[in-house]
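J.: Quick one, protein00.txt (compact mmCIF, C-alpha atoms):
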```
# COMPACT_ATOMS: atom_id res chain seq x y z
CA MET A 1392 7.16 1.22 -19.90
CA ARG A 1393 7.47 4.45 -17.92
CA VAL A 1394 5.86 4.79 -14.51
CA ALA A 1395 5.62 7.56 -11.95
CA LEU A 1396 6.29 6.56 -8.37
CA PHE A 1397 3.69 7.76 -5.86
CA ILE A 1398 5.12 7.44 -2.36
CA PRO A 1399 2.70 8.03 0.56
CA CYS A 1400 3.89 10.53 3.16
CA TYR A 1401 4.20 7.93 5.92
CA VAL A 1402 6.46 5.81 3.68
CA ASP A 1403 8.61 8.84 3.02
CA LEU A 1404 8.84 9.71 6.72
CA VAL A 1405 8.68 6.35 8.51
CA SER A 1406 9.65 3.53 6.13
CA PRO A 1407 11.54 4.94 3.13
CA GLU A 1408 13.15 1.54 2.63
CA VAL A 1409 9.82 0.36 1.23
CA GLY A 1410 10.02 2.93 -1.55
CA VAL A 1411 13.59 1.90 -2.32
CA SER A 1412 12.54 -1.75 -2.61
CA VAL A 1413 9.65 -0.82 -4.91
CA VAL A 1414 12.05 0.95 -7.27
CA ARG A 1415 14.46 -2.01 -7.28
CA VAL A 1416 11.71 -4.50 -8.06
CA LEU A 1417 10.28 -2.38 -10.87
CA ARG A 1418 13.68 -1.74 -12.42
CA SER A 1419 14.46 -5.46 -12.28
CA GLN A 1420 11.47 -5.90 -14.61
CA GLY A 1421 12.73 -3.33 -17.09
CA VAL A 1422 10.35 -0.57 -15.95
CA GLU A 1423 11.58 3.01 -16.21
CA VAL A 1424 10.77 4.69 -12.90
CA PHE A 1425 10.72 8.40 -12.16
CA TYR A 1426 9.76 10.31 -9.04
CA PRO A 1427 7.74 13.51 -9.59
CA GLU A 1428 9.26 16.17 -7.37
CA GLY A 1429 6.97 18.12 -5.09
CA GLN A 1430 4.52 15.31 -4.31
CA THR A 1431 3.04 15.42 -0.83
CA CYS A 1432 0.16 13.79 1.02
CA CYS A 1433 -2.73 12.72 -1.22
CA GLY A 1434 -5.23 14.28 1.18
CA GLN A 1435 -6.64 11.10 2.68
CA PRO A 1436 -6.37 12.18 6.37
CA ALA A 1437 -8.36 15.35 5.68
CA PHE A 1438 -10.89 13.45 3.57
CA ASN A 1439 -11.41 10.78 6.23
CA SER A 1440 -11.99 13.49 8.82
CA GLY A 1441 -14.63 15.23 6.71
CA PHE A 1442 -12.52 18.22 5.69
CA PHE A 1443 -13.35 17.99 2.01
CA GLU A 1444 -12.14 21.42 0.96
CA GLU A 1445 -8.75 20.80 2.55
CA ALA A 1446 -8.65 17.39 0.87
CA ARG A 1447 -9.42 19.06 -2.48
CA GLY A 1448 -6.43 21.35 -1.94
CA ALA A 1449 -4.11 18.36 -1.48
CA ALA A 1450 -5.74 16.61 -4.44
CA ARG A 1451 -5.24 19.62 -6.71
CA HIS A 1452 -1.56 19.68 -5.79
CA PHE A 1453 -1.31 15.97 -6.55
CA LEU A 1454 -2.92 16.45 -9.95
CA ASP A 1455 -0.57 19.34 -10.73
CA VAL A 1456 2.55 17.41 -9.74
CA PHE A 1457 1.64 14.19 -11.53
CA GLY A 1458 0.27 16.03 -14.54
CA ARG A 1459 3.61 17.63 -15.47
CA GLU A 1460 5.16 14.65 -17.24
CA ARG A 1461 4.05 11.82 -19.47
CA PHE A 1462 3.86 8.35 -17.99
CA ASP A 1463 2.00 5.09 -18.56
CA TYR A 1464 1.03 4.38 -14.96
CA VAL A 1465 1.40 5.67 -11.42
CA VAL A 1466 2.55 2.95 -9.01
CA CYS A 1467 1.90 3.24 -5.28
CA PRO A 1468 2.97 0.83 -2.50
CA SER A 1469 -0.25 1.42 -0.57
CA GLY A 1470 -3.76 0.19 -1.22
CA SER A 1471 -5.33 2.97 0.85
CA CYS A 1472 -3.57 5.86 -0.90
CA THR A 1473 -4.19 4.25 -4.29
CA THR A 1474 -7.88 4.09 -3.41
CA MET A 1475 -7.92 7.74 -2.37
CA VAL A 1476 -6.69 8.89 -5.77
CA SER A 1477 -8.46 6.37 -7.99
CA HIS A 1478 -11.81 6.20 -6.18
CA TYR A 1479 -12.28 9.31 -4.05
CA TYR A 1480 -10.76 12.09 -6.14
CA PRO A 1481 -13.68 11.72 -8.59
CA PHE A 1482 -16.02 12.03 -5.60
CA LEU A 1483 -14.25 15.17 -4.38
CA PHE A 1484 -14.49 16.83 -7.81
CA ARG A 1485 -17.86 15.45 -8.89
CA GLU A 1486 -19.34 18.96 -9.22
CA LEU A 1487 -16.24 20.50 -10.84
CA PRO A 1488 -16.19 19.16 -14.43
CA GLU A 1489 -12.71 20.31 -15.46
CA GLU A 1490 -11.02 19.01 -12.35
CA LEU A 1491 -13.12 15.85 -12.46
CA GLU A 1492 -11.75 15.12 -15.93
CA ARG A 1493 -8.19 15.56 -14.70
CA ALA A 1494 -8.85 13.40 -11.65
CA GLU A 1495 -10.34 10.59 -13.69
CA GLY A 1496 -7.53 10.81 -16.24
CA ILE A 1497 -4.75 10.39 -13.70
CA GLY A 1498 -6.74 8.25 -11.27
CA GLY A 1499 -7.40 5.69 -13.98
CA ARG A 1500 -3.67 5.05 -14.24
CA VAL A 1501 -2.89 4.76 -10.53
CA ARG A 1502 -2.22 1.16 -9.56
CA GLU A 1503 -1.29 -0.47 -6.28
CA PHE A 1504 2.12 -2.17 -6.39
CA SER A 1505 1.04 -5.84 -6.41
CA ASP A 1506 -1.82 -5.06 -8.80
CA PHE A 1507 0.66 -3.45 -11.19
CA LEU A 1508 3.02 -6.42 -11.04
CA ALA A 1509 0.37 -9.08 -11.55
CA ASN A 1510 -2.20 -7.38 -13.76
CA VAL A 1511 -0.20 -4.84 -15.77
CA LEU A 1512 3.21 -6.49 -16.10
CA GLY A 1513 1.61 -9.93 -15.94
CA THR A 1514 4.36 -11.21 -13.66
CA GLU A 1515 3.97 -13.16 -10.41
CA GLU A 1516 7.39 -14.84 -10.21
CA PHE A 1517 10.46 -12.70 -9.48
CA GLY A 1518 13.14 -15.20 -8.58
CA ALA A 1519 13.00 -14.02 -4.97
CA ARG A 1520 14.16 -16.09 -2.01
CA PHE A 1521 13.05 -15.56 1.59
CA GLU A 1522 13.34 -18.11 4.38
CA GLY A 1523 10.37 -18.05 6.71
CA ARG A 1524 6.76 -18.82 7.50
CA ALA A 1525 4.49 -15.87 6.75
CA VAL A 1526 0.92 -14.63 6.96
CA PHE A 1527 -0.41 -12.00 4.60
CA HIS A 1528 -2.56 -9.10 5.83
CA CYS A 1529 -4.67 -7.40 3.17
CA GLY A 1530 -5.58 -3.83 4.09
CA CYS A 1531 -9.26 -2.87 4.03
CA HIS A 1532 -9.03 -0.47 1.07
CA GLN A 1533 -7.07 -2.97 -1.01
CA ARG A 1534 -9.55 -5.73 -0.20
CA ARG A 1535 -12.86 -3.90 -0.36
CA GLU A 1536 -12.24 -1.00 -2.76
CA LEU A 1537 -9.54 -2.29 -5.12
CA GLY A 1538 -10.39 -5.99 -4.93
CA VAL A 1539 -6.69 -6.93 -5.00
CA LEU A 1540 -6.41 -9.83 -2.55
CA GLU A 1541 -5.26 -12.92 -4.44
CA GLU A 1542 -2.51 -11.27 -6.50
CA PRO A 1543 -0.05 -10.56 -3.67
CA GLN A 1544 -0.67 -14.00 -2.17
CA ARG A 1545 0.07 -15.70 -5.47
CA ILE A 1546 3.27 -13.68 -5.73
CA LEU A 1547 4.30 -14.71 -2.22
CA ARG A 1548 3.67 -18.38 -3.00
CA ASN A 1549 6.28 -18.08 -5.76
CA VAL A 1550 8.97 -16.89 -3.35
CA GLU A 1551 11.48 -19.68 -2.79
CA GLY A 1552 11.86 -20.70 0.83
CA LEU A 1553 8.76 -18.87 2.00
CA GLU A 1554 5.78 -20.78 3.36
CA LEU A 1555 2.56 -18.73 3.21
CA VAL A 1556 0.10 -19.91 5.85
CA GLY A 1557 -3.47 -18.98 6.66
CA TRP A 1558 -4.60 -17.34 9.87
CA GLU A 1559 -7.90 -16.89 11.69
CA ASN A 1560 -10.21 -14.07 10.64
CA GLU A 1561 -7.64 -12.78 8.17
CA GLU A 1562 -10.24 -10.46 6.65
CA LEU A 1563 -10.54 -8.36 9.82
CA CYS A 1564 -9.22 -4.79 9.95
CA CYS A 1565 -5.94 -4.33 11.83
CA GLY A 1566 -7.36 -1.33 13.69
CA PHE A 1567 -5.30 1.44 12.14
CA GLY A 1568 -7.91 3.13 10.00
CA GLY A 1569 -5.95 6.37 9.73
CA THR A 1570 -7.50 8.96 12.01
CA PHE A 1571 -9.61 6.22 13.64
CA SER A 1572 -6.57 4.99 15.57
CA VAL A 1573 -6.06 8.51 16.93
CA LYS A 1574 -9.69 9.19 17.79
CA MET A 1575 -10.45 5.77 19.27
CA PRO A 1576 -7.09 4.37 20.44
CA GLU A 1577 -8.53 1.82 22.87
CA VAL A 1578 -10.63 0.18 20.15
CA SER A 1579 -7.73 0.41 17.71
CA VAL A 1580 -5.36 -1.37 20.10
CA ALA A 1581 -7.94 -4.07 20.84
CA MET A 1582 -8.29 -4.75 17.12
CA ALA A 1583 -4.51 -4.98 16.70
CA ASP A 1584 -4.31 -7.39 19.63
CA GLU A 1585 -6.94 -9.60 17.98
CA LYS A 1586 -4.76 -9.79 14.86
CA ILE A 1587 -1.69 -10.58 16.98
CA ARG A 1588 -3.47 -13.45 18.72
CA ALA A 1589 -4.32 -14.91 15.34
CA LEU A 1590 -0.73 -14.39 14.23
CA GLU A 1591 0.54 -16.30 17.27
CA LYS A 1592 -1.81 -19.23 16.57
CA SER A 1593 -0.65 -19.41 12.95
CA GLY A 1594 2.94 -20.12 13.93
CA ALA A 1595 4.22 -17.55 11.43
CA ASP A 1596 7.46 -15.65 12.05
CA THR A 1597 6.78 -12.99 9.41
CA LEU A 1598 3.90 -10.63 8.68
CA VAL A 1599 3.62 -9.29 5.13
CA SER A 1600 1.26 -6.67 3.74
CA CYS A 1601 0.96 -4.23 0.85
CA ASP A 1602 -0.11 -1.38 3.13
CA PRO A 1603 2.66 0.38 5.11
CA SER A 1604 0.05 2.02 7.34
CA CYS A 1605 -1.22 -1.38 8.51
CA LEU A 1606 2.35 -2.54 8.98
CA LEU A 1607 3.18 0.57 10.98
CA HIS A 1608 0.27 -0.07 13.31
CA LEU A 1609 0.83 -3.79 13.75
CA LYS A 1610 4.60 -3.48 14.12
CA GLY A 1611 4.12 -0.86 16.81
CA ARG A 1612 1.83 -3.14 18.76
CA LEU A 1613 4.08 -6.18 18.21
CA ASP A 1614 7.07 -4.24 19.50
CA ARG A 1615 5.11 -3.01 22.53
CA THR A 1616 4.08 -6.55 23.43
CA GLY A 1617 7.54 -8.05 23.00
CA HIS A 1618 7.05 -10.03 19.79
CA GLY A 1619 9.97 -10.72 17.47
CA THR A 1620 7.83 -11.13 14.36
CA ARG A 1621 9.36 -9.73 11.18
CA VAL A 1622 7.10 -7.13 9.59
CA LEU A 1623 7.68 -6.44 5.89
CA HIS A 1624 6.08 -4.89 2.85
CA LEU A 1625 5.71 -7.18 -0.16
CA ALA A 1626 8.29 -5.10 -2.04
CA GLN A 1627 10.88 -5.82 0.64
CA VAL A 1628 10.35 -9.56 0.29
CA LEU A 1629 10.82 -9.29 -3.49
CA ASP A 1630 13.72 -6.82 -3.37
CA PRO A 1631 16.48 -8.36 -5.54
CA ARG A 1632 19.14 -6.89 -3.25
CA ARG A 1633 17.70 -8.36 -0.07
CA GLY A 1634 19.40 -11.69 -0.62
CA ARG A 1635 18.75 -14.71 1.52
CA VAL A 1636 17.04 -13.97 4.82
CA GLY A 1637 17.04 -16.63 7.53
```
Please rewrite the model in this file as structure tokens.
T.:
Amino acid sequence: MRVALFIPCYVDLVSPEVGVSVVRVLRSQGVEVFYPEGQTCCGQPAFNSGFFEEARGAARHFLDVFGRERFDYVVCPSGSCTTMVSHYYPFLFRELPEELERAEGIGGRVREFSDFLANVLGTEEFGARFEGRAVFHCGCHQRRELGVLEEPQRILRNVEGLELVGWENEELCCGFGGTFSVKMPEVSVAMADEKIRALEKSGADTLVSCDPSCLLHLKGRLDRTGHGTRVLHLAQVLDPRRGRVG
């Protein structure tokens, strides 16, 4: 199977190690991975701010870049960016038939990382080992738009040495919300603090998510408040080169 890797801009700039782990996990399953050169932001920040024409410009570039080569799927380590391409590109181009066809063609093959592992490859056990007690945070787009909540948790339960525990109000937003955290920082911080209080009560030493944007936000707040909680993307937990972590 041949897949194109779609790396969100904040992964590229802030947490490139997540992208590296994604590639390692996919290759360990015999997947041929290639990275389309020239890819940039999918346009979600502009779209969320109501700048639809600017978002269409970013979307057109995405369609051009990912339309150059043949692939079976596009894999993205972010539920929110996956949702942008698969759900909102058709909305952006709904009155432009030719571009709508292109958007639906590529968007239909874009899959979030854990969704691809569980529902395309049909694999939820990777021989991974990770010592710790973890909670899983499911980002809002992944939960409410993609409906991929149970898959990453089942995968985590198959990680040797890792205890996955529940936490209060786990369905609540972390407070990032893209431009929301910039426009309403006080509310955003309060929401993050609510998640951190629940994390403390859970007794977990590790926070795992499939959305690097949520992890960026929560890790920033954890660091600011002096917490030593490990914050990791699912791909980093499964990375075959990570080895034993204690």
J.: Please provide the set of residues having any atom within 10 Å of Pro1543 (chain A), restricted to only C-alpha atoms, with same-chain residues fewer than 2 positions apart removed, written as a list in words.
T.: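 Non-adjacent residues within range: Phe1504, Ser1505, Asp1506, Leu1508, Ala1509, Glu1515, Phe1527, His1528, Cys1529, Val1539, Leu1540, Glu1541, Arg1545, Ile1546, Leu1547, Arg1548, Val1599, Ser1600, Cys1601 and Leu1625 of chain A.
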J.: Give me the residues near Thr1620 (chain A) as an MDAnalysis selection string, where near means some atom within 12 Å (using all atoms listed in the file) and where sequence neighbours in that chain fewer than 4 positions away do not count.
T.: chainID A and resid 1523:1526 1587 1590:1591 1593:1599 1606 1609:1616
J.: Write out as a list in words the residues lying within 12 Å of Arg1418 (chain A), counting only C-alpha atoms and excluding same-chain residues fewer than 4 positions away.
T.: Met1392, Arg1393, Val1394, Leu1396, Val1411, Ser1412, Val1413, Val1414, Val1422, Glu1423, Val1424, Phe1425, Leu1508, Phe1517, Asp1630, Pro1631 and Arg1632 of chain A
J.: So, counting all atoms listed in the file, which residue among A:Cys1531, A:Val1456, A:Cys1432, A:Ala1519 is closest to Val1402 (chain A)?
T.: A:Cys1432
J.: Name the closest residue to Arg1459 (chain A) among the candidates A:Gly1429, A:Gly1552, A:Pro1399, A:Gly1617; distances are taken between atoms, counting only C-alpha atoms.
T.: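 Smallest separation from Arg1459 (chain A) among the options: A:Gly1429.
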J.: Could you check how far CA of Ala1449 (chain A) sits from CA of Cys1605 (chain A), in Å to one decimal?
T.: 22.3 Å
J.: Neighbouring residues of region 1444-1446 of chain A were defined as those with any atom within 9 Å, considering only C-alpha atoms; residues of the same chain fewer than 5 positions away were excluded. Please report them as a PyMOL selection string.
T.: chain A and resi 1433-1439+1451+1483
J.: Could those selected residues go to a file with C-alpha atoms, as a compact mmCIF listing (two decimals), in the coordinates of the input?
T.:
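Written out: result_35.txt:
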```
# COMPACT_ATOMS: atom_id res chain seq x y z
CA CYS A 1433 -2.73 12.72 -1.22
CA GLY A 1434 -5.23 14.28 1.18
CA GLN A 1435 -6.64 11.10 2.68
CA PRO A 1436 -6.37 12.18 6.37
CA ALA A 1437 -8.36 15.35 5.68
CA PHE A 1438 -10.89 13.45 3.57
CA ASN A 1439 -11.41 10.78 6.23
CA ARG A 1451 -5.24 19.62 -6.71
CA LEU A 1483 -14.25 15.17 -4.38
```
J.: Looking at all atoms listed in the file, which of A:Arg1534, A:Arg1502, A:Lys1592, A:Arg1633 is the one that sits closest to Ala1395 (chain A)?
T.: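 Looking at the shortest contact to Ala1395 (chain A), the residue is A:Arg1502.
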J.: Using only C-alpha atoms, which protein or nucleic acid residues come within 7 Å of Gln1533 (chain A)? Drop anything in the same chain fewer than 5 positions from it, and give the result as number ranges by chain.
T.: A: 1470-1471, 1538-1539
J.: Using only C-alpha atoms for the distances, tell me which of A:Tyr1480, A:Val1628, A:Gly1410, A:Arg1520 is nearest to Glu1492 (chain A).
T.: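 Under the stated criterion, the closest residue is A:Tyr1480.
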J.: Hey, which of A:Gln1544, A:Ser1477, A:Gln1430, A:Ser1579 ends up closest to Phe1567 (chain A)? Count only C-alpha atoms.
T.: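 Answer, going by the shortest atom-to-atom distance: A:Ser1579.
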J.: So what do you get for CA of Tyr1401 (chain A) versus CA of Gly1513 (chain A), distance-wise?
T.: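 For CA of Tyr1401 (chain A) relative to CA of Gly1513 (chain A), the distance reads 28.3 Å.
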J.: Between CA of Pro1576 (chain A) and CA of Val1622 (chain A), what distance in Å does the model show, to one decimal?
T.: 21.2 Å
J.: How about completing region 1488-1511 of chain A with N, CA, C and O atoms and giving it to me as a CSV table (one decimal), in the coordinates of the input?
T.:
```
chain,number,residue,atom,x,y,z
A,1488,PRO,N,-16.4,20.0,-13.2
A,1488,PRO,CA,-16.2,19.2,-14.4
A,1488,PRO,C,-14.7,19.1,-14.9
A,1488,PRO,O,-14.2,18.1,-15.3
A,1489,GLU,N,-14.1,20.3,-14.9
A,1489,GLU,CA,-12.7,20.3,-15.5
A,1489,GLU,C,-11.8,19.5,-14.6
A,1489,GLU,O,-10.9,18.7,-15.1
A,1490,GLU,N,-11.9,19.7,-13.3
A,1490,GLU,CA,-11.0,19.0,-12.4
A,1490,GLU,C,-11.4,17.5,-12.3
A,1490,GLU,O,-10.5,16.7,-12.1
A,1491,LEU,N,-12.7,17.2,-12.4
A,1491,LEU,CA,-13.1,15.8,-12.5
A,1491,LEU,C,-12.5,15.1,-13.6
A,1491,LEU,O,-12.0,14.0,-13.5
A,1492,GLU,N,-12.4,15.8,-14.8
A,1492,GLU,CA,-11.8,15.1,-15.9
A,1492,GLU,C,-10.3,14.8,-15.7
A,1492,GLU,O,-9.8,13.8,-16.0
A,1493,ARG,N,-9.6,15.8,-15.0
A,1493,ARG,CA,-8.2,15.6,-14.7
A,1493,ARG,C,-8.0,14.4,-13.7
A,1493,ARG,O,-7.2,13.6,-13.8
A,1494,ALA,N,-8.9,14.4,-12.7
A,1494,ALA,CA,-8.8,13.4,-11.6
A,1494,ALA,C,-9.1,12.0,-12.2
A,1494,ALA,O,-8.4,11.0,-11.9
A,1495,GLU,N,-10.1,11.9,-13.1
A,1495,GLU,CA,-10.3,10.6,-13.7
A,1495,GLU,C,-9.2,10.2,-14.6
A,1495,GLU,O,-8.9,9.0,-14.7
A,1496,GLY,N,-8.6,11.1,-15.3
A,1496,GLY,CA,-7.5,10.8,-16.2
A,1496,GLY,C,-6.3,10.2,-15.5
A,1496,GLY,O,-5.8,9.2,-15.9
A,1497,ILE,N,-5.9,10.9,-14.5
A,1497,ILE,CA,-4.8,10.4,-13.7
A,1497,ILE,C,-5.1,9.2,-12.8
A,1497,ILE,O,-4.4,8.2,-12.7
A,1498,GLY,N,-6.3,9.3,-12.2
A,1498,GLY,CA,-6.7,8.2,-11.3
A,1498,GLY,C,-6.9,6.9,-12.0
A,1498,GLY,O,-6.7,5.9,-11.3
A,1499,GLY,N,-7.2,6.9,-13.2
A,1499,GLY,CA,-7.4,5.7,-14.0
A,1499,GLY,C,-6.1,5.0,-14.2
A,1499,GLY,O,-6.1,3.8,-14.6
A,1500,ARG,N,-5.0,5.7,-14.0
A,1500,ARG,CA,-3.7,5.0,-14.2
A,1500,ARG,C,-2.9,4.8,-13.0
A,1500,ARG,O,-1.8,4.3,-13.0
A,1501,VAL,N,-3.5,5.0,-11.8
A,1501,VAL,CA,-2.9,4.8,-10.5
A,1501,VAL,C,-3.1,3.3,-10.1
A,1501,VAL,O,-4.3,2.9,-10.0
A,1502,ARG,N,-2.1,2.6,-9.9
A,1502,ARG,CA,-2.2,1.2,-9.6
A,1502,ARG,C,-1.4,0.8,-8.3
A,1502,ARG,O,-0.3,1.3,-8.2
A,1503,GLU,N,-2.0,0.0,-7.4
A,1503,GLU,CA,-1.3,-0.5,-6.3
A,1503,GLU,C,-0.2,-1.4,-6.8
A,1503,GLU,O,-0.3,-2.1,-7.8
A,1504,PHE,N,0.9,-1.5,-6.0
A,1504,PHE,CA,2.1,-2.2,-6.4
A,1504,PHE,C,1.9,-3.6,-6.9
A,1504,PHE,O,2.3,-4.0,-8.0
A,1505,SER,N,1.2,-4.4,-6.0
A,1505,SER,CA,1.0,-5.8,-6.4
A,1505,SER,C,0.1,-6.0,-7.6
A,1505,SER,O,0.2,-6.9,-8.4
A,1506,ASP,N,-0.9,-5.1,-7.7
A,1506,ASP,CA,-1.8,-5.1,-8.8
A,1506,ASP,C,-1.1,-4.8,-10.1
A,1506,ASP,O,-1.3,-5.4,-11.1
A,1507,PHE,N,-0.1,-3.8,-10.0
A,1507,PHE,CA,0.7,-3.4,-11.2
A,1507,PHE,C,1.5,-4.6,-11.6
A,1507,PHE,O,1.6,-5.0,-12.8
A,1508,LEU,N,2.2,-5.3,-10.7
A,1508,LEU,CA,3.0,-6.4,-11.0
A,1508,LEU,C,2.2,-7.5,-11.7
A,1508,LEU,O,2.6,-8.0,-12.8
A,1509,ALA,N,1.1,-7.9,-11.1
A,1509,ALA,CA,0.4,-9.1,-11.6
A,1509,ALA,C,-0.5,-8.8,-12.8
A,1509,ALA,O,-0.6,-9.6,-13.7
A,1510,ASN,N,-1.2,-7.6,-12.8
A,1510,ASN,CA,-2.2,-7.4,-13.8
A,1510,ASN,C,-1.8,-6.4,-14.9
A,1510,ASN,O,-2.5,-6.4,-15.9
A,1511,VAL,N,-0.7,-5.7,-14.7
A,1511,VAL,CA,-0.2,-4.8,-15.8
A,1511,VAL,C,1.0,-5.5,-16.4
A,1511,VAL,O,1.1,-5.7,-17.6
```
